[in-house]
Amino acid sequence: MIRHALSEGARLVRSRLGITLALGLLLAVPLAMSAVTATTVGWLNALAAGTADAISVPVLLRPELDAASRTAWVERQRQTHPDWSVRLVPADELVDRLGEWFPSLSSVLDEDRALLPPLAEITTDTPSLLAGLEADREVLAVGPLDPFARRLGRTSRQLATGLGLVCVTLVLGAAVLAAVWVHLELYRHADELEIMRLVGAREGAVRGPFLVAVSAPGLVAAVVAPVATLTALEWMTHLVVGLGLEPVRPSPWLLAVEVGVALMLPIAAAWRTLQRHSRLGLPDA
Amino acid sequence: MIRLRQLVKEYDGRAILNGLDLQVESGEFVFLTGPSGAGKTTLLRLLYGAERPTAGEVWIAGYRVDTLSRSQMPEVRRRIGVIFQDFKLLRRKTVLENVTFVLGFHGIGPREASRRAIQVLKRLGLHHRAGALPETLSGGEQQRVAIARALAYQPRLILADEPTGNLDADLASELLSLLCDINYQGATVVVATHDQALLSALPARTLMLHDGRVRYDGTWPP
């Protein structure tokens, strides 16, 4: 039976070589896209990691406020919003920060600390509420409520959802195409299949050649998809390493899943089609 | 070997077989005759499970065929050698492959299958066409390939639907003697035919179907 399945399956593949390759590539492309997306999202999330849900927002107070007024303002905020963590950034820390961001200002800052603006820092889970501070007469400006890392995390989630949907659609499309191909081949060989059943062939013998044939595009995809994934990620790594970022490395498990899906999906689609087809032969008892 | 109880088969409300009761013992040779549309082919299709009856029971070699599931059906079919009226040969396989591939389903290895197939083809005078494709054969030759396929695995029951329809008198006589040989070896043979010469050539049990019932059961001519 296995010999029959292999020889007839090979004959099917030979007679439909173009379709086999096309199906293999149709399956490989979305699988590679999925793997690249998953890896990229993981990479972006790692980049955004370390930013907890609570973020710190800088709040610039009016320079004319004296030390007592600044402390009073901080105390007022703590009493009004017990869930906020409010502190005045000490002058030394502010000098360090500004010196790091603007090295050319270091000498000026060291000379006259009176030039330093009074800066408070509020850590909260709900930074949007800080927008209300902009109306405060003692506040000069409120820092960005939506920092880059948070936006990066959100973007990576949107990317994962969007591209994930596209990839799933494409992978299912490829599976449907494999099923349609098997369906058409079944009709092309309907006479032979009927004869095989009538002379006592088990369903395994009838289905075997089609499962062998459909595993050929699966094999093509199982080779092409990981190669395409690694190539794309290598190219991305080349780009991001130049920006001083971590390389984009795929997980071996992800590649294994990619190969597994490439091999199993067309076979599963073919199996389902063959099951449906076998029901057409003989009415239920 | 065969037992039918109150067998009814209807197509679009029209009864082809109408309450048929029949018993064929193991080792019997039975002719099934009757006018066109009497239900000979339908009865054979019910016997090898290509169709299910509207009502009644079909028993073959202890199996109730009309209630068998798809997965159980091959078990029964492998005990039956069917000679189809329209040959049902695999177009893309050679004469030899058409015979050997069936033997493969019976667990016979390729070498033994080839040996047996060539033996049967020799007996039917077709061994010289073993490598030919069915479409290059005449109607008579195709029929003989279909017969070779049905006989190759020595089934316990042979069902033949108009097996001499495309054969000349000599080949028809040769086929009949072949079926008789197999019957002498213990196989049950049921031949559906309206060939009077064939019926007269062998004093076997003959069942005449008419209006969906057995109208005559005995040797031919009545």
# chains A, B, ... in the order shown; residues from 1 in each chain; ligands from 1
>>> closest_atom_pairs(of="chain A", to="chain B", cutoff="6 Å", atoms="only C-alpha atoms", output="Markdown table")
| residue | atom | partner | partner_atom | distance |
| --- | --- | --- | --- | --- |
| A:Glu192 | CA | B:Leu90 | CA | 5.8 |
| A:Gly200 | CA | B:Pro74 | CA | 4.2 |
| A:Ala201 | CA | B:Phe105 | CA | 5.8 |
| A:Arg202 | CA | B:Pro74 | CA | 5.7 |
| A:Ala285 | CA | B:Thr67 | CA | 5.0 |
>>> select_by_dssp(residues="chain B", states="strand (DSSP E or B)", output="JSON, numbers by chain")
{"B": [2, 3, 4, 5, 6, 7, 8, 9, 10, 11, 14, 15, 16, 17, 18, 19, 20, 21, 22, 23, 24, 29, 30, 31, 32, 33, 55, 56, 57, 58, 59, 60, 63, 64, 80, 81, 82, 83, 157, 158, 159, 160, 161, 188, 189, 190, 191, 192, 205, 206, 207, 208, 209, 210, 213, 214, 215, 216, 217, 218, 219]}
>>> atom_distance(atom1="atom CA of Arg137 of chain A", atom2="atom CA of Asp125 of chain A")
24.1 Å
>>> atom_distance(atom1="atom CA of Ala141 of chain A", atom2="atom CA of Leu105 of chain A")
21.1 Å
>>> residues_around(residues="Cys180 of chain B", least_positions_apart="6", cutoff="12 Å", atoms="only C-alpha atoms", output="list in words")
Gly27, Glu28, Phe29, Val30, Ile158, Ser173, Glu174, Gly186, Ala187, Thr188, Val189, Val190, Val191, Ala201, Leu202, Pro203 and Ala204 of chain B
>>> write_last_selection(atoms="C-alpha atoms", output="short mmCIF file (atom, residue, chain, number, x, y, z; two decimals), in the first residue's frame")
data_model
loop_
_atom_site.label_atom_id
_atom_site.label_comp_id
_atom_site.auth_asym_id
_atom_site.auth_seq_id
_atom_site.Cartn_x
_atom_site.Cartn_y
_atom_site.Cartn_z
CA GLY B 27 -20.20 -23.25 -4.78
CA GLU B 28 -23.29 -22.68 -6.92
CA PHE B 29 -23.19 -21.45 -10.52
CA VAL B 30 -26.14 -19.15 -11.16
CA ILE B 158 -17.57 -14.01 -8.80
CA SER B 173 -17.14 -20.27 -24.75
CA GLU B 174 -13.58 -20.01 -23.38
CA GLY B 186 -15.31 -24.00 -5.03
CA ALA B 187 -16.08 -20.40 -5.96
CA THR B 188 -19.68 -19.22 -6.26
CA VAL B 189 -20.39 -17.68 -9.66
CA VAL B 190 -23.27 -15.35 -10.55
CA VAL B 191 -23.47 -14.32 -14.19
CA ALA B 201 -24.42 -23.87 -23.02
CA LEU B 202 -24.43 -24.77 -19.35
CA PRO B 203 -27.18 -26.54 -17.43
CA ALA B 204 -26.88 -24.28 -14.42
#
>>> select_by_dssp(residues="segment 36-184 of chain B", states="helix (DSSP H, G or I)", output="number ranges by chain")
B: 40-47, 65-67, 73-77, 95-105, 110-123, 127-129, 134-136, 139-152, 169-184
>>> closest_residue(among="A:His277, A:Arg76, A:Arg87, A:His81", to="Val59 of chain A", atoms="only C-alpha atoms")
A:Arg87
>>> residues_around(residues="segment 110-118 of chain A", least_positions_apart="3", cutoff="10 Å", atoms="only C-alpha atoms", output="list in words")
Val59, Leu60, Leu61, Arg62, Pro63, Glu64, Leu65, Asp66, Ala67, Arg70, Leu88, Val89, Pro90, Ala91, Asp92, Leu94, Val95, Asp96, Leu98, Gly99, Leu105, Ser106, Ser107, Val139 and Leu140 of chain A
>>> residues_around(residues="Tyr11 of chain B", least_positions_apart="4", cutoff="12 Å", atoms="only C-alpha atoms", output="PyMOL selection string")
chain B and resi 15-18+39+42+51-54
>>> residues_around(residues="segment 94-98 of chain B", least_positions_apart="6", cutoff="7 Å", atoms="only C-alpha atoms", output="ChimeraX atom specification")
/B:117,129-134,145,149
>>> residues_around(residues="Leu130 of chain A", least_positions_apart="4", cutoff="8 Å", atoms="only C-alpha atoms", output="PyMOL selection string")
chain A and resi 126+134+142+145
>>> write_last_selection(atoms="C-alpha atoms", output="PDB file, in the first residue's frame")
ATOM      1  CA  THR A 126      -2.587  57.119  34.330  1.00  0.00           C
ATOM      2  CA  GLU A 134      -1.315  72.374  32.295  1.00  0.00           C
ATOM      3  CA  VAL A 142       3.965  69.211  31.406  1.00  0.00           C
ATOM      4  CA  LEU A 145       2.379  61.949  28.433  1.00  0.00           C
TER       5      LEU A 145
END
>>> atom_distance(atom1="atom CA of Ala22 of chain A", atom2="atom CA of Ala190 of chain A")
24.0 Å
>>> closest_residue(among="B:Tyr63, B:Glu25, B:Ala160, B:Gly212", to="Val8 of chain B", atoms="only C-alpha atoms")
B:Gly212
